[in-house]
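So this one's query-v5.txt, compact mmCIF, C-alpha atoms:
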# COMPACT_ATOMS: atom_id res chain seq x y z
CA MET S 172 64.20 133.47 108.09
CA THR S 173 62.93 129.95 108.19
CA GLU S 174 64.10 126.58 106.98
CA GLN S 175 61.68 127.08 104.10
CA GLY S 176 63.52 130.11 102.80
CA THR S 177 63.47 133.83 103.36
CA GLY S 178 60.22 134.80 101.72
CA VAL S 179 61.21 137.01 98.82
CA ARG S 180 60.36 135.21 95.61
CA GLY S 181 62.83 135.01 92.76
CA GLN S 182 61.62 136.89 89.72
CA GLY S 183 60.39 135.11 86.66
CA THR S 184 61.77 131.72 87.58
CA GLY S 185 58.51 129.91 87.01
CA GLY S 186 58.59 126.59 88.88
CA ARG S 187 60.55 125.66 91.95
CA ARG S 188 63.49 127.77 92.88
CA ALA S 189 66.86 126.11 93.38
CA ARG S 190 67.59 125.55 97.07
CA VAL S 191 70.92 126.80 98.35
CA ALA S 192 72.14 125.94 101.85
CA VAL S 193 73.94 128.68 103.79
CA VAL S 194 75.76 127.07 106.70
CA ILE S 195 75.80 129.02 109.95
CA PHE S 196 78.59 128.39 112.45
CA PRO S 197 78.89 130.09 115.83
CA GLY S 198 80.63 133.33 114.81
CA SER S 199 79.47 133.45 111.19
CA ASN S 200 78.49 137.05 110.47
CA CYS S 201 77.92 137.26 106.72
CA ASP S 202 75.17 134.64 106.72
CA ARG S 203 72.28 137.14 106.48
CA ASP S 204 73.86 138.99 103.54
CA THR S 205 74.56 135.66 101.87
CA LEU S 206 70.98 134.42 102.37
CA ALA S 207 69.69 137.72 100.94
CA GLY S 208 72.17 137.54 98.04
CA VAL S 209 70.97 134.07 97.06
CA GLU S 210 67.35 135.25 97.11
CA ALA S 211 68.28 138.35 95.10
CA VAL S 212 69.42 136.17 92.20
CA GLY S 213 66.36 133.92 92.33
CA GLY S 214 67.45 131.09 94.61
CA GLU S 215 65.75 129.79 97.72
CA ALA S 216 68.18 130.40 100.57
CA VAL S 217 68.07 127.82 103.36
CA PRO S 218 69.93 128.51 106.61
CA ILE S 219 71.60 125.38 107.95
CA TRP S 220 72.92 125.26 111.52
CA HIS S 221 76.35 123.64 111.76
CA GLU S 222 75.14 120.83 114.01
CA ARG S 223 72.93 119.40 111.28
CA SER S 224 74.19 116.28 109.56
CA ASP S 225 72.41 116.96 106.24
CA LEU S 226 71.89 119.85 103.84
CA ALA S 227 68.07 119.74 103.81
CA GLY S 228 67.99 118.58 100.20
CA CYS S 229 69.76 121.68 98.88
CA GLY S 230 71.52 121.47 95.54
CA ALA S 231 74.31 123.88 96.46
CA VAL S 232 75.96 125.00 99.65
CA ILE S 233 77.70 128.20 100.75
CA LEU S 234 80.05 128.54 103.72
CA PRO S 235 79.70 132.24 104.51
CA GLY S 236 82.17 134.73 105.94
CA GLY S 237 82.68 135.61 109.56
CA PHE S 238 84.75 134.42 112.47
CA SER S 239 83.61 130.86 113.09
CA TYR S 240 84.60 129.86 116.63
CA GLY S 241 86.26 133.25 117.04
CA ASP S 242 89.08 132.14 114.71
CA TYR S 243 90.40 130.12 117.67
CA LEU S 244 93.45 127.96 116.93
CA ARG S 245 93.48 128.91 113.21
CA ALA S 246 90.84 130.61 111.07
CA GLY S 247 88.41 127.89 110.00
CA ALA S 248 90.13 125.08 111.94
CA MET S 249 87.35 124.41 114.44
CA ALA S 250 84.49 124.77 111.93
CA ALA S 251 86.28 122.28 109.67
CA HIS S 252 85.51 119.60 112.27
CA SER S 253 81.85 120.41 112.84
CA LYS S 254 79.12 117.91 112.08
CA VAL S 255 77.72 119.57 108.95
CA MET S 256 81.10 119.41 107.22
CA THR S 257 80.74 115.66 106.66
CA ALA S 258 77.66 116.44 104.56
CA VAL S 259 79.46 119.32 102.81
CA ARG S 260 82.35 117.01 101.94
CA ARG S 261 79.96 114.37 100.55
CA HIS S 262 78.21 117.09 98.53
CA ALA S 263 81.53 118.30 97.11
CA GLU S 264 82.73 114.78 96.32
CA ALA S 265 79.47 114.12 94.45
CA GLY S 266 80.39 116.99 92.13
CA ARG S 267 77.74 119.37 93.51
CA PRO S 268 78.53 123.08 93.93
CA VAL S 269 80.21 124.31 97.11
CA LEU S 270 81.19 127.96 97.57
CA GLY S 271 83.35 129.23 100.43
CA ILE S 272 83.48 132.99 100.99
CA CYS S 273 86.25 134.47 103.16
CA ASN S 274 86.05 132.44 106.40
CA GLY S 275 84.23 129.84 104.30
CA PHE S 276 87.28 129.68 102.00
CA GLN S 277 89.50 129.26 105.06
CA ILE S 278 87.28 126.37 106.19
CA LEU S 279 87.53 124.71 102.73
CA LEU S 280 91.33 124.89 103.02
CA GLU S 281 91.26 123.42 106.53
CA VAL S 282 89.12 120.46 105.42
CA GLY S 283 91.32 119.95 102.36
CA LEU S 284 88.62 120.48 99.74
CA LEU S 285 90.92 123.17 98.34
CA PRO S 286 94.73 123.21 98.60
CA GLY S 287 97.07 125.40 100.64
CA ALA S 288 96.60 127.38 103.83
CA MET S 289 96.11 130.98 104.94
CA LEU S 290 98.77 132.96 106.73
CA MET S 291 98.29 136.31 108.42
CA ASN S 292 98.28 139.23 105.95
CA ARG S 293 101.83 140.43 105.38
CA THR S 294 100.83 143.85 106.73
CA LEU S 295 99.65 142.15 109.96
CA ARG S 296 96.47 144.18 109.64
CA PHE S 297 92.84 143.37 109.16
CA ILE S 298 92.15 144.77 105.69
CA CYS S 299 88.65 146.00 104.82
CA ARG S 300 88.50 147.65 101.42
CA GLU S 301 87.52 147.35 97.80
CA VAL S 302 89.87 145.36 95.57
CA HIS S 303 90.04 144.53 91.89
CA LEU S 304 90.06 140.92 90.78
CA ARG S 305 90.74 139.32 87.47
CA VAL S 306 88.57 136.38 86.45
CA GLU S 307 90.99 133.62 85.42
CA ARG S 308 88.43 130.87 84.85
CA ASN S 309 84.98 131.27 83.38
CA ASP S 310 84.58 127.66 82.28
CA VAL S 311 83.27 126.66 85.70
CA ALA S 312 79.57 127.07 86.47
CA MET S 313 79.97 129.58 89.29
CA LEU S 314 82.03 131.96 87.15
CA SER S 315 80.22 131.39 83.86
CA HIS S 316 78.50 134.79 83.93
CA TYR S 317 81.85 136.57 83.72
CA ALA S 318 84.25 136.93 80.82
CA ARG S 319 87.74 135.51 81.14
CA GLY S 320 90.02 138.43 82.01
CA GLN S 321 87.10 140.54 83.25
CA VAL S 322 88.00 142.82 86.18
CA LEU S 323 85.58 142.71 89.11
CA GLY S 324 85.31 145.13 92.02
CA LEU S 325 84.56 143.37 95.31
CA PRO S 326 85.38 144.14 98.93
CA ILE S 327 87.71 142.11 101.10
CA ALA S 328 87.56 142.00 104.91
CA HIS S 329 90.08 139.67 106.51
CA LYS S 330 93.29 139.31 108.46
CA GLU S 331 94.25 135.82 107.29
CA GLY S 332 94.08 135.96 103.50
CA ASN S 333 97.73 135.47 102.65
CA TRP S 334 97.38 132.23 100.73
CA PHE S 335 100.36 129.92 100.97
CA ALA S 336 101.54 126.59 99.63
CA GLU S 337 105.02 125.23 98.97
CA PRO S 338 106.29 127.15 95.90
CA ASP S 339 106.38 124.03 93.70
CA VAL S 340 102.82 123.17 94.79
CA ALA S 341 101.71 126.71 93.92
CA ASP S 342 103.37 126.42 90.49
CA TRP S 343 101.69 123.07 89.92
CA LEU S 344 98.26 124.45 90.89
CA GLU S 345 98.85 127.36 88.53
CA SER S 346 99.61 124.94 85.68
CA GLN S 347 96.43 123.00 86.49
CA GLY S 348 94.25 126.11 86.23
CA ALA S 349 93.32 126.09 89.92
CA VAL S 350 93.52 129.88 90.15
CA ALA S 351 90.00 131.23 89.66
CA LEU S 352 90.46 134.85 90.74
CA ARG S 353 93.55 136.99 91.21
CA TYR S 354 94.13 140.40 92.78
CA CYS S 355 94.93 142.97 90.09
CA SER S 356 94.85 146.66 89.26
CA ALA S 357 91.77 148.42 87.87
CA ASP S 358 93.21 147.65 84.41
CA GLY S 359 93.62 143.97 85.16
CA GLU S 360 97.41 144.19 85.53
CA PHE S 361 99.45 142.48 88.21
CA ASP S 362 102.20 143.83 90.34
CA ASP S 363 103.04 143.42 93.97
CA ASP S 364 101.37 146.73 94.94
CA VAL S 365 97.90 145.47 94.06
CA ASN S 366 98.28 142.33 96.15
CA PRO S 367 96.63 143.38 99.41
CA ASN S 368 97.67 140.51 101.67
CA GLY S 369 100.77 138.90 100.17
CA ALA S 370 99.01 135.81 98.80
CA LEU S 371 101.29 133.70 96.59
CA HIS S 372 100.62 134.30 92.89
CA ALA S 373 98.17 137.04 94.07
CA ILE S 374 95.60 134.30 94.52
CA ALA S 375 92.20 135.57 95.65
CA GLY S 376 90.18 132.50 94.69
CA LEU S 377 90.79 128.84 93.92
CA VAL S 378 88.73 126.18 92.22
CA ASN S 379 89.10 122.42 92.54
CA ARG S 380 89.87 120.07 89.66
CA ASP S 381 86.23 119.30 88.91
CA GLY S 382 85.27 122.97 89.03
CA ASN S 383 82.50 122.48 91.59
CA VAL S 384 84.28 123.76 94.70
CA LEU S 385 85.22 127.44 94.71
CA GLY S 386 86.75 129.46 97.52
CA LEU S 387 87.46 133.19 97.49
CA MET S 388 88.48 135.81 100.03
CA PRO S 389 86.42 138.73 98.58
CA HIS S 390 82.72 139.06 99.38
CA PRO S 391 80.40 138.70 96.35
CA GLU S 392 77.34 138.81 98.66
CA ARG S 393 78.18 142.43 99.49
CA ARG S 394 77.92 143.44 95.82
CA VAL S 395 74.48 142.32 94.68
CA ASP S 396 72.73 145.70 94.74
CA ALA S 397 73.79 148.94 93.02
CA LEU S 398 72.48 150.85 96.02
CA LEU S 399 75.03 149.07 98.22
CA GLY S 400 78.12 149.65 96.11
CA GLY S 401 77.84 147.51 93.00
CA VAL S 402 76.57 144.33 91.43
CA ASP S 403 79.78 142.50 90.49
CA GLY S 404 78.96 139.72 92.96
CA ARG S 405 75.63 138.83 91.38
CA GLY S 406 77.09 136.76 88.55
CA LEU S 407 78.86 134.41 90.94
CA LEU S 408 75.78 133.82 93.08
CA ARG S 409 73.62 133.40 89.97
CA GLY S 410 76.08 130.86 88.59
CA LEU S 411 75.87 128.94 91.86
CA VAL S 412 72.05 129.03 91.95
CA GLU S 413 71.86 127.80 88.35
CA ALA S 414 74.21 124.92 89.16
CA ALA S 415 72.29 123.93 92.31
CA MET D 264 99.86 114.43 133.17
CA GLN D 265 100.46 117.72 131.43
CA VAL D 266 101.52 117.36 127.83
CA GLU D 267 102.89 120.28 125.81
CA VAL D 268 102.26 120.71 122.13
CA ARG D 269 104.49 123.33 120.54
CA VAL D 270 103.25 124.56 117.17
CA GLN D 271 105.62 126.54 114.94
CA LEU D 272 105.37 127.96 111.46
CA LYS D 273 107.63 125.90 109.20
CA LYS D 274 111.10 127.33 108.65
CA GLU D 275 110.37 128.19 105.02
CA VAL D 276 107.18 130.10 105.91
CA LEU D 277 107.69 133.83 106.46
CA ASP D 278 106.55 135.02 109.88
CA PRO D 279 105.74 138.74 109.53
CA GLN D 280 104.65 138.87 113.17
CA GLY D 281 108.03 137.58 114.34
CA GLU D 282 109.78 140.05 112.02
CA ALA D 283 107.72 142.96 113.41
CA ILE D 284 108.67 141.92 116.96
CA ARG D 285 112.33 141.69 115.96
CA ARG D 286 112.22 145.25 114.61
CA VAL D 287 110.62 146.55 117.81
CA LEU D 288 113.23 144.73 119.91
CA ALA D 289 116.00 146.28 117.80
CA GLY D 290 114.42 149.70 118.36
CA LEU D 291 114.47 149.06 122.12
CA GLY D 292 118.17 148.33 121.97
CA PHE D 293 118.06 144.54 121.77
CA ALA D 294 120.31 144.58 118.73
CA GLU D 295 121.65 141.14 119.54
CA VAL D 296 118.27 139.58 118.74
CA THR D 297 118.66 138.68 115.09
CA GLY D 298 115.55 136.59 114.54
CA VAL D 299 112.11 136.11 116.10
CA ARG D 300 109.58 133.37 115.33
CA VAL D 301 106.18 133.29 117.03
CA GLY D 302 104.51 129.96 117.76
CA LYS D 303 101.83 128.49 119.98
CA LEU D 304 102.13 126.52 123.18
CA ILE D 305 99.16 124.28 123.87
CA LEU D 306 98.99 122.58 127.29
CA LEU D 307 96.88 119.44 127.52
CA GLU D 308 95.85 117.63 130.70
CA VAL D 309 95.85 113.97 129.71
CA GLU D 310 94.73 110.87 131.61
CA GLY D 311 96.59 107.59 131.29
CA GLY D 312 99.86 106.04 132.36
CA ASP D 313 101.75 104.83 129.31
CA PRO D 314 103.90 107.69 127.96
CA ALA D 315 104.41 106.07 124.56
CA ALA D 316 100.68 105.58 124.11
CA ILE D 317 99.95 109.14 125.24
CA ARG D 318 102.57 110.52 122.86
CA ALA D 319 101.11 108.58 119.95
CA ARG D 320 97.58 109.82 120.71
CA ILE D 321 98.60 113.45 121.11
CA GLU D 322 100.66 113.31 117.92
CA GLU D 323 97.49 112.13 116.21
CA ALA D 324 95.66 115.16 117.66
CA GLY D 325 98.52 117.37 116.47
CA ARG D 326 98.15 116.15 112.91
CA GLU D 327 94.36 116.18 112.93
CA ILE D 328 93.55 119.58 114.43
CA LEU D 329 96.22 121.25 116.58
CA SER D 330 98.47 122.08 113.62
CA ASN D 331 98.02 122.67 109.91
CA PRO D 332 100.69 120.58 108.18
CA VAL D 333 100.73 122.90 105.15
CA ILE D 334 102.27 125.73 107.17
CA GLU D 335 103.15 124.38 110.62
CA ASP D 336 105.29 121.81 112.40
CA PHE D 337 104.57 120.62 115.90
CA GLU D 338 106.36 118.88 118.70
CA VAL D 339 104.87 116.89 121.60
CA ARG D 340 106.65 117.09 124.94
CA LEU D 341 105.88 114.86 127.91
CA PRO D 342 107.10 115.67 131.43
File written out as structure tokens:
Amino acid sequence: MTEQGTGVRGQGTGGRRARVAVVIFPGSNCDRDTLAGVEAVGGEAVPIWHERSDLAGCGAVILPGGFSYGDYLRAGAMAAHSKVMTAVRRHAEAGRPVLGICNGFQILLEVGLLPGAMLMNRTLRFICREVHLRVERNDVAMLSHYARGQVLGLPIAHKEGNWFAEPDVADWLESQGAVALRYCSADGEFDDDVNPNGALHAIAGLVNRDGNVLGLMPHPERRVDALLGGVDGRGLLRGLVEAA
Amino acid sequence: MQVEVRVQLKKEVLDPQGEAIRRVLAGLGFAEVTGVRVGKLILLEVEGGDPAAIRARIEEAGREILSNPVIEDFEVRLP
């Protein structure tokens, strides 16, 4: 893949495709799937090495999953201080779309673009399995292809996904509509059994006040092709590309 | 000089790792151990002579990167 994109043309988009930066840190490992996912929904995926100080003119940016810096110190802590993050912060503060997936979500928490922090899963295990998620917000661009209350099937793969904030902070965020996605049963119901990692309020994804920064633990880029398990992730990536 | 930074989960944050260790200790007969909390010890080699200045700088590092204030407290110890 080159800085000019990954070659496969979006279908029926006509003019220029929206450029989406996918930041690569040492230890990122979902970057290729994420680049391919962006292309699959008609965007032009642009890999951006973490030492760059700009986003190559991209309209949206994704921090992909993986183990940036081997999860040393805390998941996402080292990547949060890399050079490219100054540009990502500027991009977010300008109201442009920023998506953090899994380790990317952890990085967004570490830089403070989203609130709270991740603790180790309450089971102490790395969990890699399909989960159900309820869409709590569809009035933000990235989630606009889903219905409110829709149940999505996406895989999770993490050990630090147990989202935490002081209980009154969590309640306040809830009242502000910061919860974008929540772990649920196949029927969209909540109880403690369907919360895989112990996250407060069963939070799987958060959105900032302006709706342009979204972080989630599940992996939408792994569900963009029916052949590979489902297409529930397409809507999110398409929403991001359209907002780029 | 060698400066220690001790990073601990805040008291109100559950530590499932510490709890798992406590259960294993109880199983091994260490019934008197009633609580376990796991933290990190970070040892820094630091140049400079003024302890107050060194402490202030390392506390800055503690806030900036070595700890996450949402879930952790830290303590700087000079020799």
Exercise for review: Find the residues near segment 271-280 of chain D: any atom within 9 Å, counting all atoms listed in the file, skip ones fewer than 2 places away on the same chain, and give them as an MDAnalysis selection string.
Suggested key: (chainID S and resid 290:295 335 337) or (chainID D and resid 269 282:285 299:304 330 332:338)
Exercise for review: Name all residues at most 10 Å from Met388 of chain S (count only C-alpha atoms; drop same-chain ones fewer than 3 positions away) and give them as a list of chain:residue names.
Suggested key: S:Gly236, S:Gly271, S:Ile272, S:Cys273, S:Asn274, S:Gly275, S:Phe276, S:Gln277, S:Leu325, S:Pro326, S:Ile327, S:Ala328, S:His329, S:Glu331, S:Gly332, S:Asn333, S:Trp334, S:Leu352, S:Ile374, S:Ala375, S:Gly376, S:Leu377, S:Pro391
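As for atom CA of Ile298 of chain S and atom CA of Phe238 of chain S, they are spaced 14.4 Å apart.
Residues in contact with Val268 of chain D at up to 8 Å, not including ones fewer than 2 positions away on its chain and judged by only C-alpha atoms, are Val266, Val270, Leu304, Ile305, Leu306, Leu307, Gly325, Phe337, Glu338, Val339 and Arg340 of chain D.
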Practice item. Find the distance between atom CA of Val302 of chain S and atom CA of Asn366 of chain S and write it in Å to one decimal. Key: 9.0 Å
Exercise for review: Figure out the distance between atom CA of Leu270 of chain S and atom CA of Gly237 of chain S, please, to one decimal in Å.
Suggested key: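 Taking atom CA of Gly237 of chain S and atom CA of Leu270 of chain S, their separation equals 14.3 Å.
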Review point. Taking all atoms listed in the file into account, which of S:Leu323, S:Val191, S:Met289, S:Val269 comes nearest Ala336 of chain S?
Key: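 Between S:Leu323, S:Val191, S:Met289, S:Val269, the residue approaching Ala336 of chain S most closely is S:Met289.
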Practice item. Rank S:Arg353, S:Arg267, S:His221, S:Arg296 by their smallest atom-to-atom distance to chain D, using only C-alpha atoms, and report the top residue only. Key: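 Going through S:Arg353, S:Arg267, S:His221, S:Arg296 one by one, the smallest distance to chain D is for S:Arg296.
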Exercise for review: May I have the residues within 6 Å of segment 254-263 of chain S as a VMD selection string, using all atoms listed in the file and disregarding those fewer than 5 positions away in the same chain?
Suggested key: chain S and resid 221 to 225
